[in-house]
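Here is data.tsv, consisting of TSV, C-alpha atoms:
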chain	number	residue	atom	x	y	z
A	1	MET	CA	8.04	108.54	-32.26
A	2	SER	CA	7.28	105.21	-33.97
A	3	LEU	CA	8.79	103.58	-37.04
A	4	TYR	CA	6.60	102.74	-40.04
A	5	ALA	CA	7.50	100.92	-43.24
A	6	MET	CA	7.86	103.42	-46.07
A	7	GLN	CA	5.83	101.35	-48.52
A	8	GLU	CA	2.98	100.91	-46.02
A	9	LEU	CA	2.82	104.66	-45.47
A	10	HIS	CA	2.82	105.22	-49.21
A	11	HIS	CA	-0.03	102.77	-49.72
A	12	PHE	CA	-1.96	104.32	-46.82
A	13	ALA	CA	-1.69	107.91	-48.06
A	14	THR	CA	-2.39	106.89	-51.66
A	15	GLU	CA	-5.60	105.10	-50.61
A	16	LEU	CA	-6.73	108.15	-48.62
A	17	PHE	CA	-6.33	110.44	-51.62
A	18	GLU	CA	-8.03	107.97	-53.94
A	19	LYS	CA	-10.98	107.75	-51.55
A	20	ALA	CA	-11.04	111.57	-51.56
A	21	GLY	CA	-11.54	111.52	-55.33
A	22	LEU	CA	-8.10	111.73	-56.93
A	23	GLU	CA	-6.97	109.47	-59.76
A	24	ASN	CA	-4.38	106.87	-58.78
A	25	ARG	CA	-1.50	108.71	-60.51
A	26	GLN	CA	-2.37	111.92	-58.65
A	27	ALA	CA	-2.79	110.11	-55.33
A	28	GLN	CA	0.54	108.34	-55.84
A	29	SER	CA	2.25	111.65	-56.57
A	30	LEU	CA	0.97	113.37	-53.43
A	31	SER	CA	1.80	110.38	-51.28
A	32	ARG	CA	5.34	110.09	-52.64
A	33	ILE	CA	6.15	113.77	-52.14
A	34	PHE	CA	4.83	113.87	-48.57
A	35	ILE	CA	6.75	110.74	-47.60
A	36	GLU	CA	9.90	112.04	-49.29
A	37	ALA	CA	9.76	115.05	-46.97
A	38	ASP	CA	9.48	112.85	-43.86
A	39	LEU	CA	12.30	110.65	-45.10
A	40	MET	CA	14.63	113.68	-45.04
A	41	GLY	CA	13.36	114.98	-41.71
A	42	PHE	CA	11.08	117.83	-42.87
A	43	SER	CA	8.33	116.71	-40.52
A	44	THR	CA	6.11	119.82	-40.73
A	45	HIS	CA	5.74	119.51	-44.51
A	46	GLY	CA	5.48	115.77	-45.08
A	47	LEU	CA	2.58	113.51	-44.08
A	48	HIS	CA	1.65	116.30	-41.68
A	49	ARG	CA	0.09	117.95	-44.77
A	50	VAL	CA	-2.20	115.01	-45.62
A	51	ALA	CA	-5.09	116.17	-43.42
A	52	SER	CA	-5.13	119.71	-44.86
A	53	ASN	CA	-4.99	118.38	-48.42
A	54	LEU	CA	-7.91	116.03	-47.75
A	55	ALA	CA	-9.87	118.95	-46.32
A	56	TRP	CA	-9.17	121.07	-49.42
A	57	LEU	CA	-10.31	118.24	-51.69
A	58	GLU	CA	-13.50	117.81	-49.69
A	59	SER	CA	-14.31	121.53	-49.65
A	60	GLY	CA	-13.44	122.07	-53.31
A	61	GLU	CA	-10.50	124.38	-52.54
A	62	SER	CA	-8.39	121.83	-54.44
A	63	ARG	CA	-9.55	120.61	-57.84
A	64	ARG	CA	-9.84	116.86	-58.31
A	65	GLU	CA	-10.07	116.92	-62.10
A	66	GLY	CA	-8.89	118.87	-65.11
A	67	ASP	CA	-5.55	120.18	-66.26
A	68	HIS	CA	-3.44	123.29	-65.81
A	69	ILE	CA	-3.66	126.30	-68.12
A	70	VAL	CA	-0.62	127.11	-70.26
A	71	LEU	CA	-0.17	130.89	-70.22
A	72	HIS	CA	3.19	130.98	-72.00
A	73	ASP	CA	5.59	128.41	-73.46
A	74	SER	CA	8.84	129.12	-75.32
A	75	GLN	CA	10.54	125.73	-74.85
A	76	SER	CA	13.13	126.94	-72.31
A	77	THR	CA	10.53	128.86	-70.28
A	78	PHE	CA	6.89	128.35	-69.42
A	79	ASN	CA	4.23	129.87	-67.17
A	80	TRP	CA	1.29	127.80	-65.95
A	81	ASP	CA	-1.90	128.57	-64.06
A	82	ALA	CA	-2.62	125.52	-61.89
A	83	ASP	CA	-6.12	126.78	-61.07
A	84	PHE	CA	-5.88	125.15	-57.61
A	85	LEU	CA	-4.84	121.65	-58.65
A	86	PRO	CA	-3.10	119.78	-55.79
A	87	GLY	CA	0.35	121.29	-55.35
A	88	PRO	CA	2.50	118.13	-55.34
A	89	TRP	CA	0.70	116.90	-58.46
A	90	ILE	CA	1.21	120.06	-60.52
A	91	MET	CA	4.82	120.32	-59.34
A	92	GLN	CA	5.50	116.76	-60.45
A	93	CYS	CA	3.93	117.49	-63.84
A	94	ALA	CA	6.10	120.59	-64.26
A	95	ILE	CA	9.35	118.90	-63.22
A	96	ASN	CA	8.74	115.90	-65.47
A	97	ASP	CA	8.13	118.30	-68.35
A	98	MET	CA	11.27	120.30	-67.54
A	99	LEU	CA	13.50	117.22	-67.29
A	100	GLY	CA	12.39	116.31	-70.80
A	101	ARG	CA	13.43	119.75	-72.10
A	102	VAL	CA	16.61	120.47	-70.17
A	103	LYS	CA	18.74	117.96	-72.08
A	104	ASP	CA	18.38	120.11	-75.18
A	105	CYS	CA	17.84	123.56	-73.68
A	106	GLY	CA	20.52	123.45	-70.97
A	107	VAL	CA	18.44	125.67	-68.69
A	108	VAL	CA	14.67	125.50	-68.27
A	109	THR	CA	12.75	127.94	-66.08
A	110	ALA	CA	9.10	127.73	-65.07
A	111	THR	CA	6.64	129.74	-63.03
A	112	ILE	CA	3.32	128.46	-61.72
A	113	ARG	CA	0.50	130.53	-60.24
A	114	ARG	CA	-2.45	129.40	-58.11
A	115	SER	CA	-0.98	126.02	-57.24
A	116	GLN	CA	-2.50	124.53	-54.12
A	117	HIS	CA	0.12	124.33	-51.35
A	118	ILE	CA	3.20	122.49	-52.68
A	119	ALA	CA	4.52	121.35	-49.25
A	120	CYS	CA	8.26	120.58	-48.95
A	121	LEU	CA	10.53	121.92	-51.70
A	122	ALA	CA	13.32	119.48	-50.81
A	123	ALA	CA	11.01	116.56	-51.61
A	124	TYR	CA	11.23	117.44	-55.32
A	125	LEU	CA	15.03	117.50	-55.41
A	126	PRO	CA	16.00	113.78	-55.40
A	127	GLN	CA	14.44	113.23	-58.85
A	128	ILE	CA	16.30	116.27	-60.22
A	129	ILE	CA	19.61	115.27	-58.63
A	130	GLU	CA	19.32	111.68	-59.87
A	131	ALA	CA	18.81	113.06	-63.40
A	132	GLY	CA	22.21	114.78	-63.12
A	133	CYS	CA	20.77	118.30	-62.94
A	134	LEU	CA	20.88	121.23	-60.58
A	135	GLY	CA	17.49	122.40	-59.32
A	136	LEU	CA	16.61	125.77	-57.79
A	137	LEU	CA	13.09	126.16	-56.38
A	138	THR	CA	11.29	128.84	-54.44
A	139	CYS	CA	7.67	129.66	-53.67
A	140	SER	CA	5.55	132.26	-51.96
A	141	THR	CA	1.96	132.56	-50.78
A	142	PRO	CA	0.23	135.71	-52.10
A	143	SER	CA	-2.53	135.64	-49.48
A	144	GLU	CA	-0.18	135.14	-46.54
A	145	ASN	CA	1.64	137.72	-44.42
A	146	THR	CA	3.63	136.25	-41.53
A	147	VAL	CA	7.21	137.61	-41.84
A	148	CYS	CA	8.07	141.22	-41.06
A	149	MET	CA	10.38	143.54	-42.96
A	150	HIS	CA	13.59	144.30	-41.04
A	151	GLY	CA	12.84	147.15	-38.66
A	152	GLY	CA	9.09	146.89	-39.18
A	153	ILE	CA	6.28	145.54	-37.04
A	154	ASP	CA	3.67	144.51	-39.61
A	155	PRO	CA	3.89	141.05	-41.20
A	156	VAL	CA	4.59	141.52	-44.92
A	157	PHE	CA	5.95	138.35	-46.52
A	158	SER	CA	5.11	134.66	-46.45
A	159	ALA	CA	7.87	132.32	-45.21
A	160	ASN	CA	9.12	131.84	-48.79
A	161	PRO	CA	11.38	128.78	-48.72
A	162	ILE	CA	14.20	128.37	-51.21
A	163	ALA	CA	15.74	125.00	-52.03
A	164	LEU	CA	18.69	123.85	-54.09
A	165	GLY	CA	19.84	120.37	-55.04
A	166	ALA	CA	22.87	119.33	-57.07
A	167	PRO	CA	24.65	116.06	-57.84
A	168	THR	CA	28.14	115.34	-56.55
A	169	ASP	CA	30.38	112.27	-56.56
A	170	ASP	CA	29.07	111.49	-53.06
A	171	THR	CA	26.20	112.82	-50.96
A	172	PRO	CA	24.42	115.51	-53.02
A	173	LEU	CA	24.31	119.18	-52.15
A	174	LEU	CA	20.81	119.82	-50.83
A	175	PHE	CA	19.15	122.46	-48.72
A	176	ASP	CA	15.66	123.83	-48.12
A	177	MET	CA	15.17	126.84	-45.87
A	178	SER	CA	12.66	129.59	-45.27
A	179	MET	CA	13.62	133.23	-45.58
A	180	SER	CA	12.48	133.66	-41.98
A	181	VAL	CA	14.35	132.66	-38.82
A	182	THR	CA	11.93	129.76	-38.46
A	183	ALA	CA	9.11	128.32	-40.56
A	184	GLY	CA	5.48	128.96	-39.69
A	185	GLY	CA	4.89	125.23	-39.28
A	186	TYR	CA	7.26	125.10	-36.32
A	187	VAL	CA	5.60	128.12	-34.71
A	188	ALA	CA	2.18	126.51	-35.12
A	189	ARG	CA	3.45	123.22	-33.67
A	190	ALA	CA	4.99	124.96	-30.62
A	191	ASN	CA	1.79	126.92	-30.04
A	192	ARG	CA	-0.33	123.76	-30.30
A	193	GLU	CA	1.90	121.95	-27.81
A	194	GLY	CA	2.17	124.87	-25.38
A	195	LYS	CA	5.93	125.17	-25.85
A	196	LEU	CA	8.21	128.18	-26.27
A	197	MET	CA	10.31	128.66	-29.39
A	198	PRO	CA	13.98	127.75	-28.82
A	199	GLU	CA	14.98	131.36	-29.45
A	200	ALA	CA	13.38	134.80	-29.63
A	201	CYS	CA	12.45	134.70	-33.32
A	202	LEU	CA	9.06	136.47	-33.27
A	203	LYS	CA	7.67	139.97	-32.81
A	204	ASP	CA	4.36	140.69	-31.14
A	205	ASN	CA	2.03	143.26	-32.67
A	206	GLN	CA	3.73	146.00	-30.64
A	207	GLY	CA	7.17	145.16	-32.03
A	208	ARG	CA	8.54	143.37	-28.96
A	209	ILE	CA	10.82	140.44	-29.78
A	210	THR	CA	9.78	137.21	-28.07
A	211	ASN	CA	9.92	133.41	-28.09
A	212	GLN	CA	6.17	133.11	-27.37
A	213	PRO	CA	4.57	131.37	-30.40
A	214	ASP	CA	1.07	132.62	-29.62
A	215	VAL	CA	1.94	136.17	-30.73
A	216	LEU	CA	1.59	134.98	-34.32
A	217	PHE	CA	-2.08	134.19	-33.72
A	218	THR	CA	-3.30	137.38	-32.01
A	219	GLU	CA	-5.48	140.03	-33.64
A	220	PRO	CA	-3.74	141.90	-35.14
A	221	PRO	CA	-1.09	139.19	-35.53
A	222	GLY	CA	2.56	139.41	-34.68
A	223	SER	CA	5.23	138.28	-37.11
A	224	ILE	CA	8.26	136.04	-37.63
A	225	LEU	CA	11.65	137.71	-37.94
A	226	PRO	CA	13.42	137.46	-41.30
A	227	ILE	CA	16.70	135.54	-41.58
A	228	GLY	CA	19.35	137.52	-39.71
A	229	GLY	CA	17.01	138.25	-36.82
A	230	ALA	CA	16.82	141.52	-34.98
A	231	THR	CA	20.31	142.72	-35.92
A	232	HIS	CA	20.92	141.46	-39.46
A	233	GLY	CA	17.38	140.92	-40.73
A	234	TYR	CA	17.96	143.31	-43.64
A	235	LYS	CA	19.62	140.35	-45.35
A	236	GLY	CA	16.62	138.11	-44.86
A	237	SER	CA	14.25	140.90	-45.94
A	238	ALA	CA	16.15	141.29	-49.20
A	239	LEU	CA	16.02	137.53	-49.76
A	240	SER	CA	12.26	137.54	-49.08
A	241	ILE	CA	11.86	140.18	-51.79
A	242	LEU	CA	14.02	138.07	-54.14
A	243	THR	CA	11.82	135.01	-53.70
A	244	GLU	CA	8.60	136.97	-54.23
A	245	VAL	CA	10.03	138.63	-57.36
A	246	LEU	CA	10.99	135.23	-58.79
A	247	SER	CA	7.75	133.45	-57.91
A	248	MET	CA	5.10	136.19	-58.14
A	249	ALA	CA	6.48	138.98	-60.32
A	250	LEU	CA	7.93	136.71	-63.00
A	251	GLY	CA	4.71	134.70	-63.10
A	252	GLY	CA	2.65	137.89	-63.36
A	253	TYR	CA	0.34	137.11	-60.46
A	254	GLY	CA	0.54	137.85	-56.75
A	255	ARG	CA	-0.02	140.52	-54.15
A	256	ALA	CA	-0.89	143.15	-56.76
A	257	ASP	CA	-4.00	141.13	-57.70
A	258	GLU	CA	-7.05	141.55	-55.50
A	259	ALA	CA	-8.14	137.97	-56.23
A	260	SER	CA	-4.93	136.62	-54.69
A	261	LYS	CA	-6.08	137.73	-51.22
A	262	HIS	CA	-8.71	134.97	-51.35
A	263	ASP	CA	-6.46	132.17	-52.62
A	264	GLY	CA	-5.97	130.45	-49.26
A	265	GLU	CA	-2.66	128.62	-48.96
A	266	SER	CA	-2.09	128.42	-52.72
A	267	ASN	CA	1.46	129.09	-53.89
A	268	SER	CA	3.23	131.02	-56.59
A	269	VAL	CA	6.20	128.93	-57.71
A	270	PHE	CA	9.55	129.40	-59.44
A	271	ILE	CA	11.50	126.37	-60.70
A	272	GLN	CA	14.78	126.37	-62.60
A	273	LEU	CA	16.61	123.28	-63.80
A	274	ILE	CA	20.19	123.53	-65.06
A	275	ASN	CA	21.97	120.79	-66.99
A	276	PRO	CA	25.71	120.93	-66.16
A	277	GLN	CA	26.43	119.23	-69.50
A	278	ALA	CA	25.46	122.49	-71.21
A	279	PHE	CA	28.25	124.30	-69.37
A	280	GLY	CA	31.45	122.75	-68.01
A	281	GLY	CA	30.15	119.18	-68.09
A	282	LEU	CA	28.71	116.99	-65.34
A	283	GLU	CA	32.04	115.52	-64.21
A	284	GLY	CA	33.64	118.95	-64.00
A	285	PHE	CA	30.63	120.17	-62.02
A	286	LYS	CA	30.84	117.28	-59.57
A	287	ARG	CA	34.59	117.81	-59.15
A	288	GLN	CA	34.16	121.48	-58.23
A	289	VAL	CA	31.28	120.86	-55.83
A	290	GLY	CA	33.23	117.96	-54.33
A	291	VAL	CA	36.13	120.26	-53.48
A	292	LEU	CA	33.71	122.70	-51.85
A	293	ARG	CA	32.34	119.83	-49.79
A	294	ASP	CA	35.81	118.69	-48.75
A	295	LEU	CA	36.87	122.22	-47.78
A	296	CYS	CA	33.76	122.60	-45.63
A	297	GLU	CA	33.94	119.24	-43.92
A	298	SER	CA	37.70	119.39	-43.27
A	299	SER	CA	37.31	122.67	-41.35
A	300	ASN	CA	38.84	122.61	-37.89
A	301	VAL	CA	36.38	122.90	-35.02
A	302	VAL	CA	36.68	123.69	-31.33
A	303	ASP	CA	37.47	120.62	-29.23
A	304	GLY	CA	34.25	118.83	-28.37
A	305	ASP	CA	32.20	120.48	-31.11
A	306	PRO	CA	30.64	118.34	-33.87
A	307	ALA	CA	32.32	118.21	-37.25
A	308	VAL	CA	31.24	120.65	-39.93
A	309	ARG	CA	28.56	119.13	-42.14
A	310	PHE	CA	28.01	119.89	-45.84
A	311	PRO	CA	24.39	120.93	-46.61
A	312	GLY	CA	22.38	117.84	-47.44
A	313	ARG	CA	24.53	115.20	-45.78
A	314	ARG	CA	22.29	114.72	-42.75
A	315	ALA	CA	19.05	114.78	-44.80
A	316	TRP	CA	20.38	112.34	-47.42
A	317	GLN	CA	21.78	109.93	-44.85
A	318	LEU	CA	18.52	110.05	-42.90
A	319	ARG	CA	16.64	109.40	-46.15
A	320	GLU	CA	18.66	106.29	-46.91
A	321	GLN	CA	18.40	105.04	-43.33
A	322	GLN	CA	14.62	105.49	-43.14
A	323	ARG	CA	13.99	103.94	-46.55
A	324	LEU	CA	15.60	100.78	-45.20
A	325	ASN	CA	14.67	100.77	-41.52
A	326	GLY	CA	11.35	102.61	-41.33
A	327	VAL	CA	10.10	106.18	-41.18
A	328	ASP	CA	10.17	107.88	-37.79
A	329	LEU	CA	6.96	109.92	-37.72
A	330	TYR	CA	6.30	112.85	-35.39
A	331	PRO	CA	3.59	111.68	-32.92
A	332	SER	CA	0.85	114.16	-33.90
A	333	ILE	CA	0.94	113.32	-37.62
A	334	LEU	CA	-1.09	110.11	-37.57
A	335	LEU	CA	-3.33	111.47	-34.82
A	336	ASP	CA	-4.38	114.23	-37.22
A	337	ILE	CA	-4.90	111.79	-40.08
A	338	GLN	CA	-6.84	109.18	-38.07
A	339	PRO	CA	-10.23	110.96	-38.26
A	340	TRP	CA	-9.88	111.07	-42.04
A	341	ALA	CA	-8.94	107.39	-42.17
A	342	GLU	CA	-12.08	106.54	-40.19
A	343	LYS	CA	-14.23	108.80	-42.36
A	344	LEU	CA	-12.85	107.34	-45.61
A	345	ASN	CA	-12.72	103.74	-44.27
A	346	VAL	CA	-8.97	103.36	-44.71
A	347	THR	CA	-6.98	101.13	-42.33
A	348	MET	CA	-4.36	102.96	-40.29
A	349	PRO	CA	-0.74	101.80	-40.76
A	350	LYS	CA	0.82	99.71	-38.02
A	351	PRO	CA	4.25	100.51	-36.58
A	352	LEU	CA	7.11	98.10	-37.17
The structure in this file should be written as structure tokens.
Amino acid sequence: MSLYAMQELHHFATELFEKAGLENRQAQSLSRIFIEADLMGFSTHGLHRVASNLAWLESGESRREGDHIVLHDSQSTFNWDADFLPGPWIMQCAINDMLGRVKDCGVVTATIRRSQHIACLAAYLPQIIEAGCLGLLTCSTPSENTVCMHGGIDPVFSANPIALGAPTDDTPLLFDMSMSVTAGGYVARANREGKLMPEACLKDNQGRITNQPDVLFTEPPGSILPIGGATHGYKGSALSILTEVLSMALGGYGRADEASKHDGESNSVFIQLINPQAFGGLEGFKRQVGVLRDLCESSNVVDGDPAVRFPGRRAWQLREQQRLNGVDLYPSILLDIQPWAEKLNVTMPKPL
């Protein structure tokens, strides 16, 4: 891996998206969200997604111009149709809108359909946390089936990440995890590099559990196990259903619609922002979460084992470190972007 200055990466990605036809404010938004993911260590959903987004812009799968469609708006709730606008852009528009409402409403909930792939959910949390709010986000992909139901062979669900961020008096609470044992991006990376998965987290199309990533790409395809794996995957299956109910069913668009089968990697999204001031107050909220953090991190461990870590501490510390000292990019990321940089006549960033 090589270190790159955060601002240089931001300028580089912004220029690529501008050359691909986006307005500066849209290009800035995509660039910021992708880099935010890499800052926190989510390397499969950060700048890794630049090449696919450029391809969607070139092919027309992502819209360069226009606005979203408001399907419903009742101040504390709204439902938008993004009509394939770039995912990080429409997400930023929605969150900015929600932060303006949540001071008065206390809780604001939004659903978005047909958003182009929104990348890393955790990347949207710092803005919410810094505004003193709690954010709960989840998304699903109506056209995608990669995760099996517990006990089943056929892939049914998409990976369906869920993320939560909340302010504390110290490092914020923050997590972002798929409802499957591993995310599809890691399976694809292992398959590309000819590596095995670190554990048997997949099923082939005959139902055999394996650590071979290529089973996900056979015809018919295998599947990824839900959270809980082979023995307790009923928990992950239920959580997968929860995320699809929140993102697809509430938004009124998803697997029940024939058109959704042709929507590519577009996402259905659920976002909820909660203002602690509307309940027990921000300071009371921070005090309670702080005690939870202290109870977790003061847990005794077996001699020689690492200390217990509160969710978000590693990601937030890595974020602060990389903002100052440079972003440590996974080697294949810039290799995948380089052909686009040459095509669009954009200078590649230089390592520190």
Next item on the list: Please provide the set of residues having any atom within 7 Å of A:Met177, restricted to all atoms listed in the file, with same-chain residues fewer than 5 positions apart removed, written as an MDAnalysis selection string.
Entry: chainID A and resid 161:163
Using all atoms listed in the file, find each residue in stretch 112-150 of chain A having at least one atom no more than 9 Å away from stretch 242-256 of chain A; report its shortest atom-to-atom pair and that distance in Å (one decimal), rows by chain then rising number, as a tab-separated table.
residue	atom	partner	partner_atom	distance
A:Ile112	CA	A:Gly251	CA	6.5
A:Arg113	CA	A:Gly251	CA	6.6
A:Arg114	CA	A:Tyr253	CA	8.5
A:Thr138	CA	A:Thr243	CA	6.2
A:Cys139	CA	A:Ser247	CA	5.7
A:Ser140	CA	A:Glu244	CA	6.1
A:Thr141	CA	A:Gly254	CA	8.1
A:Pro142	CA	A:Gly254	CA	5.1
A:Ser143	CA	A:Arg255	CA	7.2
So that I can see what lies close to stretch 328-340 of chain A, please list as an mmCIF file with C-alpha atoms, keeping the file's coordinate frame the residues with an atom at most 10 Å from it, counting only C-alpha atoms and leaving out residues fewer than 4 positions away in the same chain.
data_model
loop_
_atom_site.group_PDB
_atom_site.id
_atom_site.type_symbol
_atom_site.label_atom_id
_atom_site.label_comp_id
_atom_site.auth_asym_id
_atom_site.auth_seq_id
_atom_site.Cartn_x
_atom_site.Cartn_y
_atom_site.Cartn_z
ATOM 1 C CA MET A 1 8.040 108.540 -32.260
ATOM 2 C CA SER A 2 7.280 105.210 -33.970
ATOM 3 C CA LEU A 3 8.790 103.580 -37.040
ATOM 4 C CA TYR A 4 6.600 102.740 -40.040
ATOM 5 C CA ALA A 5 7.500 100.920 -43.240
ATOM 6 C CA MET A 6 7.860 103.420 -46.070
ATOM 7 C CA ALA A 13 -1.690 107.910 -48.060
ATOM 8 C CA LEU A 16 -6.730 108.150 -48.620
ATOM 9 C CA ALA A 20 -11.040 111.570 -51.560
ATOM 10 C CA ILE A 35 6.750 110.740 -47.600
ATOM 11 C CA ASP A 38 9.480 112.850 -43.860
ATOM 12 C CA LEU A 39 12.300 110.650 -45.100
ATOM 13 C CA GLY A 41 13.360 114.980 -41.710
ATOM 14 C CA SER A 43 8.330 116.710 -40.520
ATOM 15 C CA THR A 44 6.110 119.820 -40.730
ATOM 16 C CA GLY A 46 5.480 115.770 -45.080
ATOM 17 C CA LEU A 47 2.580 113.510 -44.080
ATOM 18 C CA HIS A 48 1.650 116.300 -41.680
ATOM 19 C CA ARG A 49 0.090 117.950 -44.770
ATOM 20 C CA VAL A 50 -2.200 115.010 -45.620
ATOM 21 C CA ALA A 51 -5.090 116.170 -43.420
ATOM 22 C CA SER A 52 -5.130 119.710 -44.860
ATOM 23 C CA LEU A 54 -7.910 116.030 -47.750
ATOM 24 C CA ALA A 55 -9.870 118.950 -46.320
ATOM 25 C CA ARG A 189 3.450 123.220 -33.670
ATOM 26 C CA GLU A 193 1.900 121.950 -27.810
ATOM 27 C CA GLN A 322 14.620 105.490 -43.140
ATOM 28 C CA LEU A 344 -12.850 107.340 -45.610
ATOM 29 C CA ASN A 345 -12.720 103.740 -44.270
ATOM 30 C CA VAL A 346 -8.970 103.360 -44.710
ATOM 31 C CA THR A 347 -6.980 101.130 -42.330
ATOM 32 C CA MET A 348 -4.360 102.960 -40.290
ATOM 33 C CA PRO A 349 -0.740 101.800 -40.760
ATOM 34 C CA PRO A 351 4.250 100.510 -36.580
#
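Between atom CA of A:Leu324 and atom CA of A:Gln26 lies a distance of 25.1 Å.
Distance annotation: of A:Thr168, A:Ser158, A:Gln212, A:Gln116, the residue with the minimal separation from A:Ala188 is A:Gln212; atom set is only C-alpha atoms.
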Item checked: Residue neighbourhood A:Ala119, 9 Å, all atoms listed in the file, exclusion window fewer than 3 positions, as an MDAnalysis selection string -> chainID A and resid 33:34 37 44:46 49 87:88 123
Give me a file of those residues, with C-alpha atoms, as a PDB file, in the coordinates of the input.
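Wrote it out as part_24.pdb, contents follow:
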ATOM      1  CA  ILE A  33       6.150 113.770 -52.140  1.00  0.00           C
ATOM      2  CA  PHE A  34       4.830 113.870 -48.570  1.00  0.00           C
ATOM      3  CA  ALA A  37       9.760 115.050 -46.970  1.00  0.00           C
ATOM      4  CA  THR A  44       6.110 119.820 -40.730  1.00  0.00           C
ATOM      5  CA  HIS A  45       5.740 119.510 -44.510  1.00  0.00           C
ATOM      6  CA  GLY A  46       5.480 115.770 -45.080  1.00  0.00           C
ATOM      7  CA  ARG A  49       0.090 117.950 -44.770  1.00  0.00           C
ATOM      8  CA  GLY A  87       0.350 121.290 -55.350  1.00  0.00           C
ATOM      9  CA  PRO A  88       2.500 118.130 -55.340  1.00  0.00           C
ATOM     10  CA  ALA A 123      11.010 116.560 -51.610  1.00  0.00           C
TER      11      ALA A 123
END
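Each of A:Asp170, A:Gly207, A:Leu225, A:Glu219 was checked against A:Gly184 using only C-alpha atoms; the smallest atom-to-atom distance is that of A:Leu225.
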Check: Could you name the residues that touch stretch 273-286 of chain A at 7 Å or less, counting only C-alpha atoms, but leaving out those on the same chain fewer than 6 positions away, as a PyMOL selection string?
Finding: chain A and resi 102-103+106-109+133-136+167-169
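Using only C-alpha atoms, the residues found no farther than 12 Å from A:Arg208, other than those of its own chain fewer than 3 positions away, are Gly151, Gly152, Ile153, Asp154, Ala200, Cys201, Leu202, Lys203, Asp204, Asn205, Asn211, Gln212, Val215, Gly222, Ser223, Ile224, Leu225 and Ala230 of chain A.
Relative to atom CA of A:Gly21, atom CA of A:Glu144 is found at 27.6 Å.
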